[in-house]
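One file, model_34.cif, carrying mmCIF, C-alpha atoms and all ligand atoms; chains and numbers go by the auth columns:
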```
data_run
#
loop_
_atom_site.group_PDB
_atom_site.id
_atom_site.type_symbol
_atom_site.label_atom_id
_atom_site.label_comp_id
_atom_site.label_asym_id
_atom_site.label_seq_id
_atom_site.Cartn_x
_atom_site.Cartn_y
_atom_site.Cartn_z
_atom_site.B_iso_or_equiv
_atom_site.auth_seq_id
_atom_site.auth_asym_id
ATOM 1 C CA MET A 1 -15.054 -29.370 3.847 0.00 1 L
ATOM 2 C CA ASN A 2 -13.425 -25.963 3.324 0.00 2 L
ATOM 3 C CA ILE A 3 -9.984 -26.262 1.766 0.00 3 L
ATOM 4 C CA VAL A 4 -7.413 -23.539 1.126 0.00 4 L
ATOM 5 C CA LEU A 5 -4.757 -23.994 -1.535 0.00 5 L
ATOM 6 C CA LEU A 6 -1.777 -21.880 -0.587 0.00 6 L
ATOM 7 C CA GLY A 7 1.378 -21.217 -2.573 0.00 7 L
ATOM 8 C CA ALA A 8 3.232 -18.823 -4.822 0.00 8 L
ATOM 9 C CA PRO A 9 1.970 -17.721 -8.233 0.00 9 L
ATOM 10 C CA GLY A 10 2.731 -20.519 -10.666 0.00 10 L
ATOM 11 C CA ALA A 11 2.738 -23.210 -7.980 0.00 11 L
ATOM 12 C CA GLY A 12 -0.121 -25.076 -9.679 0.00 12 L
ATOM 13 C CA LYS A 13 -2.993 -24.277 -7.345 0.00 13 L
ATOM 14 C CA GLY A 14 -5.396 -23.566 -10.194 0.00 14 L
ATOM 15 C CA THR A 15 -4.759 -26.880 -11.941 0.00 15 L
ATOM 16 C CA GLN A 16 -5.007 -28.936 -8.768 0.00 16 L
ATOM 17 C CA GLY A 17 -7.980 -26.921 -7.514 0.00 17 L
ATOM 18 C CA GLU A 18 -9.890 -27.802 -10.667 0.00 18 L
ATOM 19 C CA ILE A 19 -9.095 -31.511 -10.266 0.00 19 L
ATOM 20 C CA LEU A 20 -10.000 -31.492 -6.594 0.00 20 L
ATOM 21 C CA ALA A 21 -13.245 -29.579 -7.139 0.00 21 L
ATOM 22 C CA GLY A 22 -14.253 -32.236 -9.662 0.00 22 L
ATOM 23 C CA LYS A 23 -13.411 -35.105 -7.297 0.00 23 L
ATOM 24 C CA LEU A 24 -15.142 -33.613 -4.273 0.00 24 L
ATOM 25 C CA GLY A 25 -18.008 -32.008 -6.164 0.00 25 L
ATOM 26 C CA VAL A 26 -17.583 -28.679 -4.398 0.00 26 L
ATOM 27 C CA PRO A 27 -17.196 -25.239 -5.977 0.00 27 L
ATOM 28 C CA LYS A 28 -13.912 -23.416 -6.332 0.00 28 L
ATOM 29 C CA VAL A 29 -13.477 -19.888 -5.094 0.00 29 L
ATOM 30 C CA ALA A 30 -10.669 -18.699 -7.339 0.00 30 L
ATOM 31 C CA THR A 31 -10.366 -14.956 -6.864 0.00 31 L
ATOM 32 C CA GLY A 32 -7.868 -14.563 -9.725 0.00 32 L
ATOM 33 C CA ASP A 33 -10.278 -16.209 -12.190 0.00 33 L
ATOM 34 C CA MET A 34 -13.189 -14.155 -10.861 0.00 34 L
ATOM 35 C CA LEU A 35 -11.213 -10.941 -11.263 0.00 35 L
ATOM 36 C CA ARG A 36 -10.049 -11.840 -14.774 0.00 36 L
ATOM 37 C CA SER A 37 -13.660 -12.501 -15.833 0.00 37 L
ATOM 38 C CA ALA A 38 -14.675 -9.142 -14.380 0.00 38 L
ATOM 39 C CA VAL A 39 -11.870 -7.363 -16.234 0.00 39 L
ATOM 40 C CA LYS A 40 -12.849 -9.085 -19.482 0.00 40 L
ATOM 41 C CA ALA A 41 -16.503 -8.195 -19.020 0.00 41 L
ATOM 42 C CA GLY A 42 -15.586 -4.607 -18.189 0.00 42 L
ATOM 43 C CA THR A 43 -17.684 -4.537 -15.005 0.00 43 L
ATOM 44 C CA PRO A 44 -17.095 -1.876 -12.317 0.00 44 L
ATOM 45 C CA LEU A 45 -15.246 -4.526 -10.301 0.00 45 L
ATOM 46 C CA GLY A 46 -13.063 -5.319 -13.307 0.00 46 L
ATOM 47 C CA LYS A 47 -12.284 -1.649 -13.854 0.00 47 L
ATOM 48 C CA GLN A 48 -11.311 -1.326 -10.204 0.00 48 L
ATOM 49 C CA ALA A 49 -9.096 -4.423 -10.232 0.00 49 L
ATOM 50 C CA GLN A 50 -7.355 -4.173 -13.585 0.00 50 L
ATOM 51 C CA ALA A 51 -4.598 -1.706 -12.748 0.00 51 L
ATOM 52 C CA TYR A 52 -3.553 -3.608 -9.632 0.00 52 L
ATOM 53 C CA MET A 53 -3.440 -6.896 -11.496 0.00 53 L
ATOM 54 C CA GLU A 54 -1.387 -5.533 -14.361 0.00 54 L
ATOM 55 C CA GLN A 55 1.159 -4.159 -11.900 0.00 55 L
ATOM 56 C CA GLY A 56 1.417 -7.467 -10.044 0.00 56 L
ATOM 57 C CA GLU A 57 -0.032 -5.780 -6.949 0.00 57 L
ATOM 58 C CA LEU A 58 -2.789 -7.202 -4.798 0.00 58 L
ATOM 59 C CA VAL A 59 -6.323 -5.963 -5.280 0.00 59 L
ATOM 60 C CA PRO A 60 -7.478 -4.248 -2.030 0.00 60 L
ATOM 61 C CA ASP A 61 -8.829 -6.567 0.664 0.00 61 L
ATOM 62 C CA GLU A 62 -12.285 -4.907 0.772 0.00 62 L
ATOM 63 C CA VAL A 63 -12.802 -5.585 -2.923 0.00 63 L
ATOM 64 C CA ILE A 64 -11.719 -9.205 -2.618 0.00 64 L
ATOM 65 C CA LEU A 65 -13.780 -9.821 0.499 0.00 65 L
ATOM 66 C CA GLY A 66 -16.836 -8.424 -1.244 0.00 66 L
ATOM 67 C CA ILE A 67 -16.639 -10.926 -4.096 0.00 67 L
ATOM 68 C CA VAL A 68 -15.787 -13.859 -1.821 0.00 68 L
ATOM 69 C CA GLU A 69 -18.689 -13.104 0.480 0.00 69 L
ATOM 70 C CA GLU A 70 -21.038 -13.004 -2.473 0.00 70 L
ATOM 71 C CA LYS A 71 -19.747 -16.337 -3.734 0.00 71 L
ATOM 72 C CA LEU A 72 -20.023 -17.997 -0.319 0.00 72 L
ATOM 73 C CA ALA A 73 -23.572 -16.763 0.068 0.00 73 L
ATOM 74 C CA SER A 74 -24.596 -18.663 -3.038 0.00 74 L
ATOM 75 C CA ALA A 75 -26.270 -21.977 -2.361 0.00 75 L
ATOM 76 C CA ASP A 76 -23.692 -24.120 -4.123 0.00 76 L
ATOM 77 C CA ALA A 77 -21.092 -23.244 -1.501 0.00 77 L
ATOM 78 C CA GLU A 78 -23.052 -24.912 1.321 0.00 78 L
ATOM 79 C CA SER A 79 -21.181 -28.221 1.230 0.00 79 L
ATOM 80 C CA GLY A 80 -17.780 -26.582 1.320 0.00 80 L
ATOM 81 C CA VAL A 81 -15.422 -24.749 -1.008 0.00 81 L
ATOM 82 C CA ILE A 82 -11.940 -24.945 -2.402 0.00 82 L
ATOM 83 C CA MET A 83 -10.206 -21.603 -2.104 0.00 83 L
ATOM 84 C CA ASP A 84 -7.529 -20.989 -4.703 0.00 84 L
ATOM 85 C CA GLY A 85 -5.584 -17.744 -4.582 0.00 85 L
ATOM 86 C CA PHE A 86 -7.523 -16.650 -1.535 0.00 86 L
ATOM 87 C CA PRO A 87 -6.785 -15.716 1.226 0.00 87 L
ATOM 88 C CA ARG A 88 -3.667 -13.887 0.139 0.00 88 L
ATOM 89 C CA THR A 89 -3.167 -11.522 3.074 0.00 89 L
ATOM 90 C CA LEU A 90 -3.413 -11.910 6.826 0.00 90 L
ATOM 91 C CA ALA A 91 -6.447 -9.593 6.844 0.00 91 L
ATOM 92 C CA GLN A 92 -8.178 -11.833 4.291 0.00 92 L
ATOM 93 C CA ALA A 93 -7.378 -14.945 6.353 0.00 93 L
ATOM 94 C CA VAL A 94 -8.794 -13.407 9.498 0.00 94 L
ATOM 95 C CA ALA A 95 -11.881 -12.210 7.612 0.00 95 L
ATOM 96 C CA ILE A 96 -12.631 -15.623 6.116 0.00 96 L
ATOM 97 C CA ASP A 97 -12.188 -17.252 9.524 0.00 97 L
ATOM 98 C CA GLU A 98 -14.767 -14.852 10.936 0.00 98 L
ATOM 99 C CA LEU A 99 -17.123 -15.356 8.027 0.00 99 L
ATOM 100 C CA LEU A 100 -16.969 -19.134 8.266 0.00 100 L
ATOM 101 C CA SER A 101 -17.204 -19.122 12.028 0.00 101 L
ATOM 102 C CA ALA A 102 -20.410 -17.065 11.814 0.00 102 L
ATOM 103 C CA ARG A 103 -21.794 -19.929 9.728 0.00 103 L
ATOM 104 C CA GLY A 104 -20.634 -22.509 12.267 0.00 104 L
ATOM 105 C CA SER A 105 -17.787 -23.593 10.038 0.00 105 L
ATOM 106 C CA ARG A 106 -14.036 -23.110 9.601 0.00 106 L
ATOM 107 C CA VAL A 107 -11.076 -23.766 7.310 0.00 107 L
ATOM 108 C CA HIS A 108 -10.531 -27.517 7.633 0.00 108 L
ATOM 109 C CA LYS A 109 -7.414 -28.112 5.544 0.00 109 L
ATOM 110 C CA VAL A 110 -4.710 -25.980 3.977 0.00 110 L
ATOM 111 C CA VAL A 111 -2.410 -27.425 1.349 0.00 111 L
ATOM 112 C CA ASN A 112 0.782 -25.441 0.858 0.00 112 L
ATOM 113 C CA PHE A 113 2.310 -25.949 -2.598 0.00 113 L
ATOM 114 C CA ALA A 114 6.106 -25.793 -2.369 0.00 114 L
ATOM 115 C CA VAL A 115 8.028 -25.032 -5.574 0.00 115 L
ATOM 116 C CA PRO A 116 11.569 -23.601 -5.811 0.00 116 L
ATOM 117 C CA ASP A 117 11.735 -19.949 -6.968 0.00 117 L
ATOM 118 C CA GLY A 118 13.676 -20.710 -10.131 0.00 118 L
ATOM 119 C CA GLU A 119 11.035 -23.133 -11.313 0.00 119 L
ATOM 120 C CA LEU A 120 8.206 -20.720 -10.500 0.00 120 L
ATOM 121 C CA THR A 121 9.722 -18.092 -12.766 0.00 121 L
ATOM 122 C CA VAL A 122 10.223 -20.610 -15.577 0.00 122 L
ATOM 123 C CA ARG A 123 6.612 -21.791 -15.241 0.00 123 L
ATOM 124 C CA LEU A 124 5.129 -18.279 -15.179 0.00 124 L
ATOM 125 C CA LEU A 125 7.102 -17.086 -18.164 0.00 125 L
ATOM 126 C CA GLY A 126 6.203 -20.304 -19.992 0.00 126 L
ATOM 127 C CA ARG A 127 2.536 -19.714 -19.250 0.00 127 L
ATOM 128 C CA ALA A 128 2.888 -16.165 -20.546 0.00 128 L
ATOM 129 C CA ALA A 129 3.952 -17.560 -23.903 0.00 129 L
ATOM 130 C CA VAL A 130 0.981 -19.960 -24.000 0.00 130 L
ATOM 131 C CA GLU A 131 -1.888 -18.016 -22.420 0.00 131 L
ATOM 132 C CA GLY A 132 -0.784 -14.457 -23.007 0.00 132 L
ATOM 133 C CA ARG A 133 -1.847 -13.288 -19.569 0.00 133 L
ATOM 134 C CA ALA A 134 -1.167 -9.581 -19.140 0.00 134 L
ATOM 135 C CA ASP A 135 0.480 -10.096 -15.739 0.00 135 L
ATOM 136 C CA ASP A 136 2.982 -12.738 -16.822 0.00 136 L
ATOM 137 C CA THR A 137 5.673 -10.345 -18.077 0.00 137 L
ATOM 138 C CA PRO A 138 9.158 -10.763 -16.494 0.00 138 L
ATOM 139 C CA GLU A 139 8.767 -7.497 -14.582 0.00 139 L
ATOM 140 C CA THR A 140 5.323 -8.383 -13.203 0.00 140 L
ATOM 141 C CA VAL A 141 6.326 -11.948 -12.401 0.00 141 L
ATOM 142 C CA ARG A 142 9.148 -10.607 -10.226 0.00 142 L
ATOM 143 C CA LYS A 143 6.728 -8.246 -8.509 0.00 143 L
ATOM 144 C CA ARG A 144 4.125 -10.961 -7.899 0.00 144 L
ATOM 145 C CA LEU A 145 6.709 -13.254 -6.312 0.00 145 L
ATOM 146 C CA GLU A 146 7.882 -10.390 -4.112 0.00 146 L
ATOM 147 C CA VAL A 147 4.297 -9.607 -3.058 0.00 147 L
ATOM 148 C CA TYR A 148 3.754 -13.303 -2.362 0.00 148 L
ATOM 149 C CA ARG A 149 6.778 -13.452 -0.019 0.00 149 L
ATOM 150 C CA LYS A 150 5.730 -10.364 1.846 0.00 150 L
ATOM 151 C CA GLU A 151 1.940 -10.684 2.046 0.00 151 L
ATOM 152 C CA THR A 152 0.985 -14.319 1.541 0.00 152 L
ATOM 153 C CA GLU A 153 3.811 -16.508 2.814 0.00 153 L
ATOM 154 C CA PRO A 154 3.134 -15.452 6.436 0.00 154 L
ATOM 155 C CA LEU A 155 -0.178 -17.303 6.133 0.00 155 L
ATOM 156 C CA ILE A 156 1.717 -20.593 6.426 0.00 156 L
ATOM 157 C CA SER A 157 2.543 -19.859 10.057 0.00 157 L
ATOM 158 C CA TYR A 158 -0.952 -18.436 10.610 0.00 158 L
ATOM 159 C CA TYR A 159 -2.392 -21.814 9.621 0.00 159 L
ATOM 160 C CA GLN A 160 0.353 -23.721 11.437 0.00 160 L
ATOM 161 C CA LYS A 161 -0.973 -22.182 14.625 0.00 161 L
ATOM 162 C CA GLN A 162 -4.362 -23.687 13.772 0.00 162 L
ATOM 163 C CA SER A 163 -2.668 -27.028 12.948 0.00 163 L
ATOM 164 C CA VAL A 164 -4.482 -27.229 9.617 0.00 164 L
ATOM 165 C CA VAL A 165 -1.657 -26.755 7.108 0.00 165 L
ATOM 166 C CA LYS A 166 0.479 -29.370 5.339 0.00 166 L
ATOM 167 C CA SER A 167 3.137 -28.620 2.734 0.00 167 L
ATOM 168 C CA ILE A 168 3.555 -30.744 -0.347 0.00 168 L
ATOM 169 C CA ASP A 169 6.271 -30.943 -2.964 0.00 169 L
ATOM 170 C CA ALA A 170 4.488 -29.348 -5.916 0.00 170 L
ATOM 171 C CA THR A 171 7.129 -30.243 -8.504 0.00 171 L
ATOM 172 C CA GLY A 172 6.683 -33.185 -10.850 0.00 172 L
ATOM 173 C CA THR A 173 3.780 -34.083 -13.103 0.00 173 L
ATOM 174 C CA VAL A 174 0.192 -32.924 -12.567 0.00 174 L
ATOM 175 C CA ASP A 175 -0.772 -36.498 -11.638 0.00 175 L
ATOM 176 C CA GLU A 176 2.077 -36.846 -9.147 0.00 176 L
ATOM 177 C CA VAL A 177 1.096 -33.617 -7.426 0.00 177 L
ATOM 178 C CA ALA A 178 -2.590 -34.643 -7.427 0.00 178 L
ATOM 179 C CA VAL A 179 -1.676 -37.794 -5.478 0.00 179 L
ATOM 180 C CA ARG A 180 0.137 -35.678 -2.872 0.00 180 L
ATOM 181 C CA VAL A 181 -2.835 -33.326 -2.595 0.00 181 L
ATOM 182 C CA ASP A 182 -5.179 -36.296 -2.100 0.00 182 L
ATOM 183 C CA GLU A 183 -2.946 -37.615 0.673 0.00 183 L
ATOM 184 C CA VAL A 184 -3.239 -34.337 2.554 0.00 184 L
ATOM 185 C CA ILE A 185 -6.988 -34.030 2.019 0.00 185 L
ATOM 186 C CA ALA A 186 -7.396 -37.779 2.572 0.00 186 L
ATOM 187 C CA VAL A 187 -9.577 -38.179 -0.499 0.00 187 L
ATOM 188 C CA PRO A 188 -10.519 -41.837 -0.674 0.00 188 L
HETATM 189 P P1 LIG B . -1.324 -16.139 -9.603 0.00 1 K
HETATM 190 O O1 LIG B . -1.506 -16.912 -8.332 0.00 1 K
HETATM 191 O O2 LIG B . -0.850 -17.015 -10.715 0.00 1 K
HETATM 192 O O3 LIG B . -0.520 -14.904 -9.447 0.00 1 K
HETATM 193 P P2 LIG B . -4.133 -15.381 -9.653 0.00 1 K
HETATM 194 O O4 LIG B . -4.947 -15.712 -10.835 0.00 1 K
HETATM 195 O O5 LIG B . -4.485 -16.080 -8.391 0.00 1 K
HETATM 196 O O6 LIG B . -2.689 -15.646 -10.139 0.00 1 K
HETATM 197 O O7 LIG B . -4.179 -13.806 -9.372 0.00 1 K
HETATM 198 C C1 LIG B . -3.860 -12.853 -10.362 0.00 1 K
HETATM 199 C C2 LIG B . -3.910 -11.436 -9.772 0.00 1 K
HETATM 200 O O8 LIG B . -5.224 -11.168 -9.270 0.00 1 K
HETATM 201 C C3 LIG B . -2.999 -11.191 -8.568 0.00 1 K
HETATM 202 O O9 LIG B . -1.688 -10.845 -8.950 0.00 1 K
HETATM 203 C C4 LIG B . -3.747 -10.054 -7.857 0.00 1 K
HETATM 204 O O10 LIG B . -3.529 -8.816 -8.483 0.00 1 K
HETATM 205 C C5 LIG B . -5.187 -10.406 -8.061 0.00 1 K
HETATM 206 N N1 LIG B . -5.715 -11.254 -6.948 0.00 1 K
HETATM 207 C C6 LIG B . -6.184 -12.518 -7.053 0.00 1 K
HETATM 208 N N2 LIG B . -6.599 -12.992 -5.860 0.00 1 K
HETATM 209 C C7 LIG B . -6.377 -11.996 -4.967 0.00 1 K
HETATM 210 C C8 LIG B . -6.577 -11.854 -3.559 0.00 1 K
HETATM 211 N N3 LIG B . -7.090 -12.847 -2.819 0.00 1 K
HETATM 212 N N4 LIG B . -6.221 -10.674 -2.986 0.00 1 K
HETATM 213 C C9 LIG B . -5.723 -9.677 -3.707 0.00 1 K
HETATM 214 N N5 LIG B . -5.510 -9.739 -5.026 0.00 1 K
HETATM 215 C C10 LIG B . -5.821 -10.873 -5.658 0.00 1 K
#
```

Mind turning the file's structure into structure tokens?
Amino acid sequence: MNIVLLGAPGAGKGTQGEILAGKLGVPKVATGDMLRSAVKAGTPLGKQAQAYMEQGELVPDEVILGIVEEKLASADAESGVIMDGFPRTLAQAVAIDELLSARGSRVHKVVNFAVPDGELTVRLLGRAAVEGRADDTPETVRKRLEVYRKETEPLISYYQKQSVVKSIDATGTVDEVAVRVDEVIAVP
């Protein structure tokens, strides 16, 4: 099963994606994590992505699609994937639909994580204090939320048209949210 976790930065997709990947035994395609590793390792991809990330801007679609394609081609993605932080633009959503369709597959479920704006900001700035991520400064957080509204939020209606998206209340404890995710995915 191919699952997309949709939602603003700080909505908790990464945490829930990890839990879900463990339960279902399928790999996670987390573009943010992949990019951060590339930046840390100083690869050409990392060098290309770093400036965008630090500004809270999106990395260009071609770059993202390149790394996703590579990941999907790997054998461990055969039984399905959990996409976290991808797709983030309409162009990415269309591209992944085409890619999956060429393999006789599709996006089966989309979970939209709903969290009020005020709480998102509190969470992101809190995470900045703990993890020290370069893109969690107040300025960048504002930018990332703005980019989310403009580029990524429209994907909710894109997936509504395919009747595959369900929104969940993503406030509360990690365990509470995990139960809501399971209900949408119908994990036994
Ligand atoms: P968050 O959702 O908390 O903002 P991510 O770890 O998913 O964090 O992404 C961090 C940064 O990596 C983004 O702000 C963006 O610059 C880049 N990025 C990650 N995924 C994508 C994507 N699918 N398309 C474009 N840029 C991306």

Report as a compact mmCIF listing (two decimals) with C-alpha atoms, keeping the file's coordinate frame which protein, DNA and RNA residues come within 6 Å of ligand LIG 1 (chain K), using all atoms listed in the file.
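Generated file (part_0.txt):
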```txt
# COMPACT_ATOMS: atom_id res chain seq x y z
CA PRO L 9 1.97 -17.72 -8.23
CA GLY L 10 2.73 -20.52 -10.67
CA THR L 31 -10.37 -14.96 -6.86
CA GLY L 32 -7.87 -14.56 -9.72
CA ASP L 33 -10.28 -16.21 -12.19
CA TYR L 52 -3.55 -3.61 -9.63
CA MET L 53 -3.44 -6.90 -11.50
CA GLY L 56 1.42 -7.47 -10.04
CA GLU L 57 -0.03 -5.78 -6.95
CA LEU L 58 -2.79 -7.20 -4.80
CA VAL L 59 -6.32 -5.96 -5.28
CA PRO L 60 -7.48 -4.25 -2.03
CA ILE L 64 -11.72 -9.20 -2.62
CA GLY L 85 -5.58 -17.74 -4.58
CA PHE L 86 -7.52 -16.65 -1.54
CA PRO L 87 -6.78 -15.72 1.23
CA ARG L 88 -3.67 -13.89 0.14
CA ARG L 144 4.12 -10.96 -7.90
```

**OP:** Between CA of Asn112 in chain L and CA of Ala38 in chain L, measure the distance and give it in Å to one decimal.
**Re:** 27.1 Å

**OP:** Starting from the shown file, work through the PyMOL selection byres (((chain L and resi 178) around 12) and not hetatm) and note down what comes out as a ChimeraX atom specification.
**Re:** /L:12-21,23,111,113,168-177,179-187

Subject >> Explicit residue set for the PyMOL selection byres (((chain L and resi 145-161) around 12) and not hetatm), as a VMD selection string >> reply: chain L and resid 3 to 11 52 to 53 55 to 59 61 85 to 94 97 106 to 121 124 135 to 136 138 to 144 162 to 167

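Remark: for Ala30 in chain L, the closest of the candidate residues L:Val63, L:Leu100, L:Ala49, L:Val68 is L:Val68 (distances computed over only C-alpha atoms).
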
Subject >> Separation of CA of Ser37 in chain L from CA of Gly126 in chain L, in Å and rounded to one decimal >> reply: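 Answer for the CA of Ser37 in chain L to CA of Gly126 in chain L separation: 21.7 Å.
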
**OP:** Using all atoms listed in the file, pick whichever of L:Ser105, L:Glu62, L:Arg127, L:Pro44 has the shortest atom-to-atom distance to Glu78 in chain L.
**Re:**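 Nearest candidate to Glu78 in chain L out of L:Ser105, L:Glu62, L:Arg127, L:Pro44: L:Ser105.
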
Original post:
With distances taken over only C-alpha atoms, which of L:Arg103, L:Val130, L:Arg123, L:Val39 is nearest to Glu54 in chain L?
Top reply: L:Val39

Original post:
In Å, how far is it from CA of Lys71 in chain L to CA of Ala134 in chain L?
Top reply: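 Going from CA of Lys71 in chain L over to CA of Ala134 in chain L covers 25.1 Å.
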
N, CA, C and O atoms restored at range 40-56 of chain L, emitted as a PDB file, in the frame of the given file:
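Ended up saving to result01.pdb:
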```
ATOM      1  N   LYS L  40     -12.465  -8.780 -18.105  1.00  0.00           N
ATOM      2  CA  LYS L  40     -12.849  -9.085 -19.482  1.00  0.00           C
ATOM      3  C   LYS L  40     -14.241  -8.532 -19.793  1.00  0.00           C
ATOM      4  O   LYS L  40     -14.473  -8.000 -20.876  1.00  0.00           O
ATOM      5  N   ALA L  41     -15.124  -8.654 -18.816  1.00  0.00           N
ATOM      6  CA  ALA L  41     -16.503  -8.195 -19.020  1.00  0.00           C
ATOM      7  C   ALA L  41     -16.634  -6.683 -18.849  1.00  0.00           C
ATOM      8  O   ALA L  41     -17.674  -6.113 -19.136  1.00  0.00           O
ATOM      9  N   GLY L  42     -15.566  -6.064 -18.354  1.00  0.00           N
ATOM     10  CA  GLY L  42     -15.586  -4.607 -18.189  1.00  0.00           C
ATOM     11  C   GLY L  42     -16.545  -4.113 -17.117  1.00  0.00           C
ATOM     12  O   GLY L  42     -17.054  -2.996 -17.189  1.00  0.00           O
ATOM     13  N   THR L  43     -16.795  -4.941 -16.103  1.00  0.00           N
ATOM     14  CA  THR L  43     -17.684  -4.537 -15.005  1.00  0.00           C
ATOM     15  C   THR L  43     -16.979  -3.513 -14.112  1.00  0.00           C
ATOM     16  O   THR L  43     -15.754  -3.366 -14.183  1.00  0.00           O
ATOM     17  N   PRO L  44     -17.738  -2.826 -13.244  1.00  0.00           N
ATOM     18  CA  PRO L  44     -17.095  -1.876 -12.317  1.00  0.00           C
ATOM     19  C   PRO L  44     -15.996  -2.555 -11.488  1.00  0.00           C
ATOM     20  O   PRO L  44     -14.917  -1.984 -11.285  1.00  0.00           O
ATOM     21  N   LEU L  45     -16.266  -3.779 -11.044  1.00  0.00           N
ATOM     22  CA  LEU L  45     -15.246  -4.526 -10.301  1.00  0.00           C
ATOM     23  C   LEU L  45     -13.989  -4.719 -11.156  1.00  0.00           C
ATOM     24  O   LEU L  45     -12.867  -4.493 -10.688  1.00  0.00           O
ATOM     25  N   GLY L  46     -14.187  -5.108 -12.392  1.00  0.00           N
ATOM     26  CA  GLY L  46     -13.063  -5.319 -13.307  1.00  0.00           C
ATOM     27  C   GLY L  46     -12.252  -4.050 -13.493  1.00  0.00           C
ATOM     28  O   GLY L  46     -11.024  -4.069 -13.478  1.00  0.00           O
ATOM     29  N   LYS L  47     -12.967  -2.932 -13.645  1.00  0.00           N
ATOM     30  CA  LYS L  47     -12.284  -1.649 -13.854  1.00  0.00           C
ATOM     31  C   LYS L  47     -11.462  -1.276 -12.628  1.00  0.00           C
ATOM     32  O   LYS L  47     -10.363  -0.740 -12.739  1.00  0.00           O
ATOM     33  N   GLN L  48     -12.005  -1.621 -11.460  1.00  0.00           N
ATOM     34  CA  GLN L  48     -11.311  -1.326 -10.204  1.00  0.00           C
ATOM     35  C   GLN L  48     -10.057  -2.203 -10.055  1.00  0.00           C
ATOM     36  O   GLN L  48      -9.038  -1.753  -9.566  1.00  0.00           O
ATOM     37  N   ALA L  49     -10.157  -3.445 -10.486  1.00  0.00           N
ATOM     38  CA  ALA L  49      -9.096  -4.423 -10.232  1.00  0.00           C
ATOM     39  C   ALA L  49      -7.961  -4.392 -11.256  1.00  0.00           C
ATOM     40  O   ALA L  49      -6.815  -4.705 -10.931  1.00  0.00           O
ATOM     41  N   GLN L  50      -8.280  -4.003 -12.465  1.00  0.00           N
ATOM     42  CA  GLN L  50      -7.355  -4.173 -13.585  1.00  0.00           C
ATOM     43  C   GLN L  50      -5.954  -3.599 -13.356  1.00  0.00           C
ATOM     44  O   GLN L  50      -4.954  -4.284 -13.565  1.00  0.00           O
ATOM     45  N   ALA L  51      -5.897  -2.360 -12.900  1.00  0.00           N
ATOM     46  CA  ALA L  51      -4.598  -1.706 -12.748  1.00  0.00           C
ATOM     47  C   ALA L  51      -3.715  -2.439 -11.740  1.00  0.00           C
ATOM     48  O   ALA L  51      -2.528  -2.646 -11.980  1.00  0.00           O
ATOM     49  N   TYR L  52      -4.324  -2.870 -10.642  1.00  0.00           N
ATOM     50  CA  TYR L  52      -3.553  -3.608  -9.632  1.00  0.00           C
ATOM     51  C   TYR L  52      -2.987  -4.888 -10.240  1.00  0.00           C
ATOM     52  O   TYR L  52      -1.820  -5.224 -10.052  1.00  0.00           O
ATOM     53  N   MET L  53      -3.844  -5.611 -10.942  1.00  0.00           N
ATOM     54  CA  MET L  53      -3.440  -6.896 -11.496  1.00  0.00           C
ATOM     55  C   MET L  53      -2.298  -6.738 -12.494  1.00  0.00           C
ATOM     56  O   MET L  53      -1.336  -7.491 -12.476  1.00  0.00           O
ATOM     57  N   GLU L  54      -2.419  -5.731 -13.341  1.00  0.00           N
ATOM     58  CA  GLU L  54      -1.387  -5.533 -14.361  1.00  0.00           C
ATOM     59  C   GLU L  54      -0.049  -5.139 -13.763  1.00  0.00           C
ATOM     60  O   GLU L  54       0.995  -5.367 -14.353  1.00  0.00           O
ATOM     61  N   GLN L  55      -0.093  -4.547 -12.568  1.00  0.00           N
ATOM     62  CA  GLN L  55       1.159  -4.159 -11.900  1.00  0.00           C
ATOM     63  C   GLN L  55       1.727  -5.291 -11.038  1.00  0.00           C
ATOM     64  O   GLN L  55       2.785  -5.145 -10.446  1.00  0.00           O
ATOM     65  N   GLY L  56       0.974  -6.384 -10.920  1.00  0.00           N
ATOM     66  CA  GLY L  56       1.417  -7.467 -10.044  1.00  0.00           C
ATOM     67  C   GLY L  56       1.141  -7.173  -8.576  1.00  0.00           C
ATOM     68  O   GLY L  56       1.660  -7.843  -7.687  1.00  0.00           O
TER      69      GLY L  56
END
```
